[in-house]
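J.: Structure file protein.txt (compact mmCIF, C-alpha atoms and all ligand atoms) right here:
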```txt
# COMPACT_ATOMS: atom_id res chain seq x y z
CA MET O 189 11.23 -250.71 -166.06
CA HIS O 190 13.97 -252.66 -164.28
CA ASP O 191 15.17 -255.13 -166.91
CA PRO O 192 18.03 -257.19 -165.49
CA LEU O 193 20.45 -259.24 -167.52
CA VAL O 194 19.62 -262.95 -167.51
CA TYR O 195 21.19 -266.06 -169.02
CA LEU O 196 19.16 -268.30 -171.31
CA ASN O 197 20.60 -271.15 -173.38
CA GLY O 198 24.00 -269.69 -174.15
CA GLU O 199 22.99 -266.03 -174.31
CA PHE O 200 22.90 -263.09 -171.96
CA THR O 201 19.84 -260.94 -172.63
CA PRO O 202 17.57 -258.51 -170.81
CA LEU O 203 14.85 -260.40 -168.91
CA SER O 204 12.14 -258.86 -171.12
CA GLU O 205 13.72 -260.49 -174.18
CA ALA O 206 14.28 -263.96 -172.72
CA LYS O 207 11.74 -266.32 -174.30
CA VAL O 208 11.27 -270.09 -174.28
CA PRO O 209 9.21 -272.06 -176.82
CA VAL O 210 5.79 -273.21 -175.60
CA LEU O 211 6.81 -276.84 -176.12
CA ASP O 212 9.48 -276.49 -173.45
CA ARG O 213 8.84 -279.41 -171.10
CA GLY O 214 9.12 -277.07 -168.16
CA PHE O 215 6.01 -275.28 -169.47
CA ILE O 216 4.18 -278.43 -170.64
CA PHE O 217 5.01 -280.89 -167.83
CA GLY O 218 6.84 -279.00 -165.08
CA ASP O 219 9.73 -281.26 -166.13
CA GLY O 220 12.69 -279.50 -164.60
CA VAL O 221 14.55 -278.50 -161.46
CA TYR O 222 15.70 -275.25 -159.92
CA GLU O 223 17.87 -273.71 -157.25
CA VAL O 224 17.84 -270.47 -155.23
CA ILE O 225 21.07 -269.10 -153.76
CA PRO O 226 21.48 -265.97 -151.62
CA ILE O 227 24.29 -263.49 -152.18
CA TYR O 228 25.53 -261.33 -149.31
CA GLY O 229 28.18 -258.67 -149.72
CA GLY O 230 28.56 -259.73 -153.35
CA LYS O 231 29.42 -263.33 -152.38
CA MET O 232 27.30 -266.43 -152.88
CA PHE O 233 26.37 -267.97 -149.54
CA ARG O 234 26.81 -271.76 -149.31
CA ALA O 235 27.30 -271.94 -153.09
CA LYS O 236 28.96 -275.38 -153.00
CA GLN O 237 26.05 -276.92 -151.14
CA HIS O 238 23.45 -275.32 -153.40
CA MET O 239 25.27 -276.42 -156.56
CA ALA O 240 25.63 -279.95 -155.21
CA ARG O 241 21.89 -280.04 -154.60
CA LEU O 242 21.20 -278.78 -158.14
CA PHE O 243 23.38 -281.57 -159.50
CA ARG O 244 21.56 -284.12 -157.30
CA SER O 245 18.17 -282.85 -158.51
CA LEU O 246 19.28 -283.09 -162.15
CA ALA O 247 20.61 -286.62 -161.66
CA ALA O 248 17.43 -287.67 -159.84
CA ILE O 249 15.27 -286.87 -162.86
CA GLY O 250 17.78 -287.91 -165.52
CA ILE O 251 18.60 -284.51 -167.01
CA PRO O 252 22.27 -284.42 -168.02
CA ASN O 253 24.08 -281.61 -166.22
CA PRO O 254 24.94 -279.22 -169.06
CA TYR O 255 27.93 -277.54 -167.35
CA SER O 256 30.80 -278.20 -164.99
CA GLU O 257 30.66 -276.45 -161.62
CA ASP O 258 33.21 -273.89 -162.83
CA GLU O 259 31.17 -273.17 -165.93
CA TRP O 260 28.05 -272.75 -163.80
CA MET O 261 29.85 -270.36 -161.47
CA ALA O 262 31.13 -268.28 -164.39
CA LEU O 263 27.63 -267.99 -165.91
CA ILE O 264 26.04 -267.14 -162.56
CA GLY O 265 28.83 -264.62 -161.88
CA LYS O 266 28.13 -262.80 -165.12
CA VAL O 267 24.43 -262.47 -164.28
CA THR O 268 25.01 -261.40 -160.69
CA ASP O 269 27.81 -258.97 -161.59
CA ALA O 270 25.35 -257.12 -163.82
CA CYS O 271 23.13 -256.48 -160.77
CA PRO O 272 24.27 -253.44 -158.77
CA ASP O 273 22.93 -254.74 -155.42
CA ASP O 274 25.34 -256.69 -153.30
CA THR O 275 22.50 -258.64 -151.65
CA GLN O 276 20.68 -260.81 -154.16
CA LEU O 277 18.77 -264.05 -154.63
CA VAL O 278 19.98 -265.97 -157.66
CA TYR O 279 17.51 -268.27 -159.37
CA MET O 280 18.54 -270.98 -161.80
CA GLN O 281 16.38 -273.47 -163.62
CA VAL O 282 17.08 -276.40 -165.91
CA THR O 283 14.29 -278.13 -167.81
CA ARG O 284 14.52 -281.22 -169.97
CA GLY O 285 14.19 -279.03 -173.06
CA VAL O 286 11.89 -278.54 -176.02
CA ALA O 287 10.22 -281.50 -177.73
CA LYS O 288 6.93 -282.68 -179.25
CA ARG O 289 4.50 -283.31 -176.41
CA ALA O 290 4.81 -286.88 -175.16
CA HIS O 291 5.23 -287.83 -171.51
CA ALA O 292 8.29 -290.09 -171.66
CA PHE O 293 11.72 -288.49 -172.14
CA PRO O 294 12.38 -287.46 -175.74
CA ALA O 295 15.56 -288.65 -177.44
CA GLU O 296 18.21 -286.05 -178.29
CA VAL O 297 16.85 -283.14 -176.36
CA LYS O 298 18.94 -280.22 -175.14
CA PRO O 299 18.19 -278.95 -171.63
CA THR O 300 16.91 -275.40 -171.28
CA VAL O 301 19.07 -273.41 -168.86
CA PHE O 302 17.93 -270.15 -167.30
CA ILE O 303 19.66 -267.95 -164.70
CA MET O 304 18.32 -264.71 -163.24
CA THR O 305 18.93 -262.70 -160.11
CA ASN O 306 16.91 -260.25 -158.06
CA PRO O 307 17.90 -257.71 -155.45
CA TYR O 308 17.00 -259.21 -152.10
CA THR O 309 16.13 -257.83 -148.70
CA PRO O 310 16.59 -260.23 -145.78
CA PRO O 311 13.69 -260.47 -143.27
CA ASP O 312 13.05 -257.07 -141.70
CA ALA O 313 13.25 -256.16 -138.02
CA GLU O 314 9.50 -256.63 -137.60
CA ALA O 315 9.64 -260.27 -138.78
CA VAL O 316 12.80 -260.97 -136.77
CA ASN O 317 11.73 -259.30 -133.53
CA ASN O 318 8.04 -260.18 -133.52
CA GLY O 319 8.09 -263.51 -135.34
CA VAL O 320 5.70 -264.75 -138.02
CA ARG O 321 2.31 -266.42 -138.19
CA CYS O 322 1.75 -269.79 -139.83
CA VAL O 323 -1.19 -272.02 -140.62
CA THR O 324 -1.22 -275.79 -141.04
CA THR O 325 -2.32 -277.81 -144.03
CA GLU O 326 -2.29 -281.41 -145.26
CA ASP O 327 0.77 -282.16 -147.41
CA LEU O 328 -0.76 -282.93 -150.81
CA ARG O 329 2.53 -283.20 -152.72
CA TRP O 330 4.14 -286.17 -154.43
CA MET O 331 6.59 -288.54 -152.69
CA ARG O 332 9.83 -287.07 -154.09
CA CYS O 333 9.87 -283.78 -152.24
CA ASP O 334 13.65 -284.28 -151.88
CA ILE O 335 14.00 -283.21 -155.54
CA LYS O 336 13.94 -279.44 -156.04
CA SER O 337 11.48 -279.76 -158.91
CA VAL O 338 9.75 -276.87 -160.68
CA SER O 339 6.53 -278.94 -160.43
CA LEU O 340 5.39 -276.89 -157.45
CA LEU O 341 1.59 -277.01 -157.58
CA GLY O 342 1.24 -278.55 -154.12
CA ASN O 343 3.61 -275.93 -152.70
CA VAL O 344 1.77 -273.16 -154.57
CA LEU O 345 -1.62 -274.23 -153.16
CA ALA O 346 -0.19 -274.47 -149.65
CA ALA O 347 1.38 -271.00 -149.96
CA GLN O 348 -1.91 -269.60 -151.22
CA HIS O 349 -3.72 -271.14 -148.23
CA ALA O 350 -1.27 -269.29 -145.99
CA ALA O 351 -1.67 -266.02 -147.88
CA GLU O 352 -5.46 -266.20 -147.70
CA ASN O 353 -5.25 -266.70 -143.96
CA GLY O 354 -2.89 -263.85 -143.20
CA ALA O 355 0.04 -266.20 -142.57
CA LEU O 356 3.59 -266.08 -143.89
CA GLU O 357 3.87 -269.81 -144.37
CA ALA O 358 1.83 -273.02 -144.44
CA ILE O 359 3.23 -275.83 -142.29
CA GLN O 360 2.45 -279.12 -144.00
CA PHE O 361 1.71 -282.46 -142.33
CA ARG O 362 1.68 -285.87 -144.01
CA GLU O 363 -0.28 -288.56 -142.19
CA GLY O 364 -0.01 -286.63 -138.96
CA PHE O 365 3.71 -285.88 -139.14
CA LEU O 366 5.48 -282.62 -139.87
CA SER O 367 7.03 -282.42 -143.32
CA GLU O 368 7.91 -278.80 -144.14
CA GLY O 369 6.62 -275.39 -145.16
CA ALA O 370 5.42 -274.53 -148.67
CA SER O 371 8.88 -273.09 -149.35
CA SER O 372 10.85 -273.55 -146.13
CA ASN O 373 11.95 -276.16 -143.60
CA VAL O 374 10.29 -276.21 -140.20
CA TRP O 375 11.94 -276.96 -136.85
CA ILE O 376 10.72 -277.33 -133.29
CA VAL O 377 12.50 -276.69 -129.99
CA ARG O 378 11.73 -278.93 -127.05
CA ASP O 379 13.57 -278.84 -123.72
CA GLY O 380 16.52 -277.02 -125.26
CA THR O 381 16.97 -279.31 -128.28
CA VAL O 382 16.28 -278.33 -131.90
CA TYR O 383 14.46 -281.08 -133.82
CA GLY O 384 13.79 -281.35 -137.54
CA PRO O 385 12.08 -283.99 -139.66
CA PRO O 386 14.32 -286.76 -141.06
CA LYS O 387 16.00 -286.05 -144.40
CA ASP O 388 13.96 -288.37 -146.59
CA ASN O 389 11.73 -288.22 -149.66
CA ARG O 390 9.07 -286.24 -147.78
CA VAL O 391 11.10 -283.04 -147.44
CA LEU O 392 13.48 -280.96 -149.45
CA GLU O 393 16.80 -281.08 -147.63
CA GLY O 394 17.23 -277.34 -147.32
CA ILE O 395 20.79 -276.07 -147.41
CA ARG O 396 19.88 -274.70 -144.01
CA TYR O 397 19.57 -278.28 -142.67
CA GLY O 398 23.35 -278.46 -142.60
CA LEU O 399 23.72 -274.82 -141.69
CA LEU O 400 21.32 -274.99 -138.74
CA GLN O 401 23.12 -278.08 -137.46
CA GLU O 402 26.42 -276.16 -137.61
CA LEU O 403 24.93 -273.12 -135.91
CA CYS O 404 23.46 -275.32 -133.16
CA ALA O 405 26.88 -276.90 -132.62
CA ALA O 406 28.49 -273.45 -132.41
CA CYS O 407 25.84 -272.37 -129.88
CA ARG O 408 26.08 -275.68 -127.97
CA ILE O 409 22.43 -276.45 -128.67
CA PRO O 410 21.62 -280.15 -129.14
CA PHE O 411 20.27 -280.91 -132.63
CA ALA O 412 18.45 -284.05 -133.77
CA LEU O 413 16.30 -285.30 -136.63
CA LYS O 414 13.21 -287.40 -135.90
CA ALA O 415 9.63 -287.88 -137.03
CA ILE O 416 7.66 -285.04 -135.41
CA ALA O 417 3.95 -285.58 -134.72
CA ARG O 418 1.43 -282.75 -135.12
CA ASP O 419 0.87 -282.58 -131.33
CA GLU O 420 4.59 -282.04 -130.79
CA VAL O 421 4.53 -279.00 -133.05
CA PHE O 422 1.68 -277.45 -131.08
CA ALA O 423 3.35 -278.37 -127.77
CA ALA O 424 6.80 -277.08 -128.82
CA ASP O 425 8.67 -274.48 -126.78
CA GLU O 426 9.64 -272.74 -130.03
CA VAL O 427 9.02 -273.29 -133.73
CA LEU O 428 11.44 -272.03 -136.39
CA LEU O 429 11.48 -271.93 -140.13
CA THR O 430 14.45 -271.65 -142.47
CA SER O 431 15.02 -270.98 -146.16
CA ALA O 432 17.43 -269.17 -148.43
CA GLY O 433 15.28 -266.03 -148.43
CA ARG O 434 13.81 -266.17 -144.92
CA GLU O 435 17.08 -267.14 -143.27
CA VAL O 436 15.81 -268.25 -139.84
CA LEU O 437 12.56 -266.91 -138.41
CA ALA O 438 10.56 -267.63 -135.26
CA VAL O 439 6.99 -268.87 -135.70
CA VAL O 440 4.88 -267.19 -133.01
CA SER O 441 1.44 -268.51 -133.89
CA ILE O 442 0.11 -271.58 -135.67
CA ASP O 443 -3.55 -271.72 -136.71
CA GLY O 444 -4.11 -268.77 -134.37
CA LEU O 445 -2.62 -270.54 -131.31
CA PRO O 446 0.41 -268.85 -129.75
CA VAL O 447 3.86 -270.45 -129.71
CA ASN O 448 6.08 -269.46 -126.76
CA GLY O 449 3.42 -267.00 -125.60
CA GLY O 450 3.39 -265.35 -129.03
CA LYS O 451 6.98 -264.13 -129.10
CA PRO O 452 10.30 -265.39 -130.49
CA GLY O 453 12.10 -267.63 -127.99
CA PRO O 454 15.63 -267.69 -126.62
CA LEU O 455 17.03 -270.37 -128.93
CA PHE O 456 15.75 -268.44 -131.92
CA GLY O 457 17.63 -265.39 -130.63
CA LYS O 458 20.90 -267.32 -130.43
CA LEU O 459 20.49 -269.02 -133.79
CA TYR O 460 19.48 -265.81 -135.54
CA ALA O 461 22.62 -264.09 -134.22
CA ALA O 462 24.77 -267.06 -135.24
CA TYR O 463 23.20 -267.00 -138.71
CA GLN O 464 24.09 -263.33 -139.13
CA ASP O 465 27.68 -264.13 -138.07
CA ALA O 466 27.84 -266.96 -140.63
CA LYS O 467 26.76 -264.55 -143.39
CA ARG O 468 29.65 -262.25 -142.53
CA ALA O 469 32.25 -265.00 -142.15
N1 LIG S 501 12.67 -272.72 -151.33
N2 LIG S 501 11.55 -276.78 -148.50
C1 LIG S 501 10.98 -276.29 -149.62
C2 LIG S 501 9.76 -276.96 -150.16
C3 LIG S 501 11.56 -275.18 -150.27
O1 LIG S 501 11.02 -274.72 -151.41
C4 LIG S 501 12.71 -274.57 -149.72
C5 LIG S 501 13.39 -273.38 -150.36
C6 LIG S 501 13.23 -275.09 -148.53
C7 LIG S 501 14.46 -274.52 -147.88
O2 LIG S 501 15.63 -274.83 -148.61
P1 LIG S 501 16.93 -273.88 -148.52
O3 LIG S 501 17.33 -273.78 -147.10
O4 LIG S 501 17.92 -274.57 -149.35
O5 LIG S 501 16.51 -272.54 -149.11
C8 LIG S 501 12.64 -276.21 -147.97
C9 LIG S 501 13.28 -271.72 -152.17
C10 LIG S 501 13.94 -270.64 -151.42
C11 LIG S 501 12.27 -271.25 -153.20
O6 LIG S 501 11.53 -272.12 -153.67
O7 LIG S 501 12.23 -270.08 -153.53
```
How does the structure come out when it is put into structure tokens?

T.:
Amino acid sequence: MHDPLVYLNGEFTPLSEAKVPVLDRGFIFGDGVYEVIPIYGGKMFRAKQHMARLFRSLAAIGIPNPYSEDEWMALIGKVTDACPDDTQLVYMQVTRGVAKRAHAFPAEVKPTVFIMTNPYTPPDAEAVNNGVRCVTTEDLRWMRCDIKSVSLLGNVLAAQHAAENGALEAIQFREGFLSEGASSNVWIVRDGTVYGPPKDNRVLEGIRYGLLQELCAACRIPFALKAIARDEVFAADEVLLTSAGREVLAVVSIDGLPVNGGKPGPLFGKLYAAYQDAKRA
């Protein structure tokens, strides 16, 4: 069996041997945060932005950051160097640590730190050329979706709803307004402009928020953030989704209704090409 090297609390071990105590607060309470970073051609893509978000997530829930950025990069590098593939998705997780079960933060607890990586295949030609199907669902999550928390039950249930309905992703709405996918950000195109939901507590600010804005600027496509009503999603010229693993994809049907006649649109084509250029840069 494939048994990659991982990092857990100061040690590098095969994944099969990495164990955490059952009283880890990540297991008991979902009390932790995580990050997912793509690697292309052996190089982390947008590493600075991802690490900054990890540090923001840690600060937001009061877990002391156990390492400096350089220390983090050295640990991640050791795990990713042990993987022969030069395209990977690195996963890192920090929980508050192990303590007797009680909700409030324990005193004197040491965070649990875990890093693993997996070989990764970017979206295939079928997904890129034909687009992907989505379904909609009510956003049932808490009000701090800006924190990349491992408490992902709402996201898990939304993703399962998509899976059970033959869709790649569930597009969530809160009180009639677009928030995001179960594990991606969602964008609409209207009259040549790309719109995304405001960066507030209702969405995770994907690293592709900044990236998409840059790609739009490079392609001379206007880009704006605003509250997006459900009707606007269904009336959009194009709908896109972005995430570390999905890069940028065109949504071609939502709840069985076609978007852009059921095929990826022209702005998607430009942004997808620009994204591939950015990966190589
Ligand atoms: N998810 N919104 C949610 C809820 C997400 O979980 C993610 C990413 C995104 C996109 O963020 P980024 O562009 O930084 O990948 C938005 C990761 C990939 C995951 O949970 O596996």

J.: Nearest to ligand LIG 501 (chain S) among O:Glu326, O:Asp443, O:Glu223, O:Asp274, with distances taken over all atoms listed in the file: which residue is it?

T.: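 Using all atoms listed in the file, ligand LIG 501 (chain S) sits closest to O:Glu223.
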
J.: Taking all atoms listed in the file into account, name the residue in O:Lys288, O:Arg408, O:His238, O:Arg362 that is nearest to ligand LIG 501 (chain S).

T.: O:His238

J.: Could the residues of chain O that have an atom at most 10 Å from ligand LIG 501 (chain S) be listed as CSV, each with its closest atom pair and the distance in Å to one decimal, counting all atoms listed in the file and ordered by chain and ascending residue number?

T.:
```
residue,atom,partner,partner_atom,distance
O:Tyr222,CA,S:LIG501,O6,8.1
O:Glu223,CA,S:LIG501,C9,7.1
O:Val224,CA,S:LIG501,C10,5.5
O:Ile225,CA,S:LIG501,O5,7.4
O:Pro226,CA,S:LIG501,O5,8.6
O:Arg234,CA,S:LIG501,O4,9.3
O:Gln237,CA,S:LIG501,O4,8.7
O:His238,CA,S:LIG501,O4,6.9
O:Arg241,CA,S:LIG501,O4,8.6
O:Leu277,CA,S:LIG501,C10,8.8
O:Val278,CA,S:LIG501,O7,9.7
O:Tyr279,CA,S:LIG501,O7,8.1
O:Arg329,CA,S:LIG501,C2,9.9
O:Cys333,CA,S:LIG501,C2,7.1
O:Asp334,CA,S:LIG501,C2,8.5
O:Ile335,CA,S:LIG501,C2,9.3
O:Lys336,CA,S:LIG501,O1,7.2
O:Ser337,CA,S:LIG501,O1,9.0
O:Val338,CA,S:LIG501,O6,8.7
O:Leu340,CA,S:LIG501,C2,8.5
O:Gly342,CA,S:LIG501,C2,9.5
O:Asn343,CA,S:LIG501,C2,6.7
O:Val344,CA,S:LIG501,O6,9.9
O:Gln360,CA,S:LIG501,C2,9.8
O:Ser367,CA,S:LIG501,N2,8.9
O:Glu368,CA,S:LIG501,N2,6.0
O:Gly369,CA,S:LIG501,C2,6.1
O:Ala370,CA,S:LIG501,C2,5.2
O:Ser371,CA,S:LIG501,O1,3.4
O:Ser372,CA,S:LIG501,C8,3.7
O:Asn373,CA,S:LIG501,C8,4.4
O:Val374,CA,S:LIG501,C8,8.1
O:Arg390,CA,S:LIG501,C2,9.6
O:Val391,CA,S:LIG501,N2,6.4
O:Leu392,CA,S:LIG501,N2,4.7
O:Glu393,CA,S:LIG501,C8,6.4
O:Gly394,CA,S:LIG501,O2,3.2
O:Ile395,CA,S:LIG501,O4,3.8
O:Arg396,CA,S:LIG501,O3,4.1
O:Tyr397,CA,S:LIG501,O3,6.7
O:Gly398,CA,S:LIG501,O3,8.9
O:Leu399,CA,S:LIG501,O3,8.4
O:Leu400,CA,S:LIG501,O3,9.3
O:Leu429,CA,S:LIG501,C7,8.7
O:Thr430,CA,S:LIG501,O3,5.9
O:Ser431,CA,S:LIG501,O5,3.7
O:Ala432,CA,S:LIG501,O5,3.6
O:Gly433,CA,S:LIG501,C10,5.7
O:Arg434,CA,S:LIG501,C10,7.9
O:Glu435,CA,S:LIG501,O3,7.7
O:Val436,CA,S:LIG501,O3,9.3
```

J.: Which one is closest to O:Tyr383: O:Ala424, O:Leu403, O:Ala358, O:Ala270? Count only C-alpha atoms.

T.: O:Ala424

J.: Grab the atom CA of O:Ile249 to atom CA of O:Phe293 distance for me, in Å with one decimal place.

T.: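 A separation of 10.1 Å between them.
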
J.: If you count only C-alpha atoms, which residues fall within 12 Å of O:Pro454, apart from same-chain ones fewer than 2 positions away, as a VMD selection string?

T.: chain O and resid 317 377 to 382 407 409 425 to 428 438 448 451 to 452 456 to 461

J.: Hey, can you check how far atom CA of O:Pro209 sits from atom CA of O:Pro254?

T.: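 Those two atoms sit 18.9 Å apart.
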
J.: Taking all atoms listed in the file into account, which of O:Ala405, O:Pro446, O:Val208, O:Thr275 comes nearest O:Pro307?

T.: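 Smallest separation from O:Pro307 among the options: O:Thr275.
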
J.: Using all atoms listed in the file, find the one residue out of O:Lys387, O:Lys207, O:Arg418, O:Arg332 that sits nearest to O:Phe361.

T.: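 Among the listed residues, the smallest separation from O:Phe361 belongs to O:Arg418.
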
J.: Any idea what the distance is between atom CA of O:Arg468 and atom CA of O:Met232?

T.: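 Separating atom CA of O:Arg468 from atom CA of O:Met232 is a distance of 11.4 Å.
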
J.: When you count only C-alpha atoms, which of these residues is closest to O:Gly453: O:Gly198, O:Gly319, O:Gly265, O:Ile251?

T.: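 The closest residue to O:Gly453 is O:Gly319.
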
J.: Quick one: everything within 9 Å of O:Gly450, counting only C-alpha atoms, minus sequence neighbours fewer than 3 positions away in the same chain. Send it as a list in words.

T.: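 Counting only the stated atoms, we get Asn318, Gly319, Val439, Val440, Ser441, Leu445, Pro446 and Val447 of chain O.
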
J.: Residues proximal to (19.2, -269.7, -173.5) were defined as those with any atom within 10 Å of that point in the file's coordinates, counting all atoms listed in the file. Which are they, as a count of residues only?

T.: 16

J.: Counting all atoms listed in the file, what is within 9 Å of O:Lys467, bar same-chain residues fewer than 5 positions away, as a list in words?

T.: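 In the requested format, the answer is Tyr228, Gly229, Phe233 and Ala462 of chain O.
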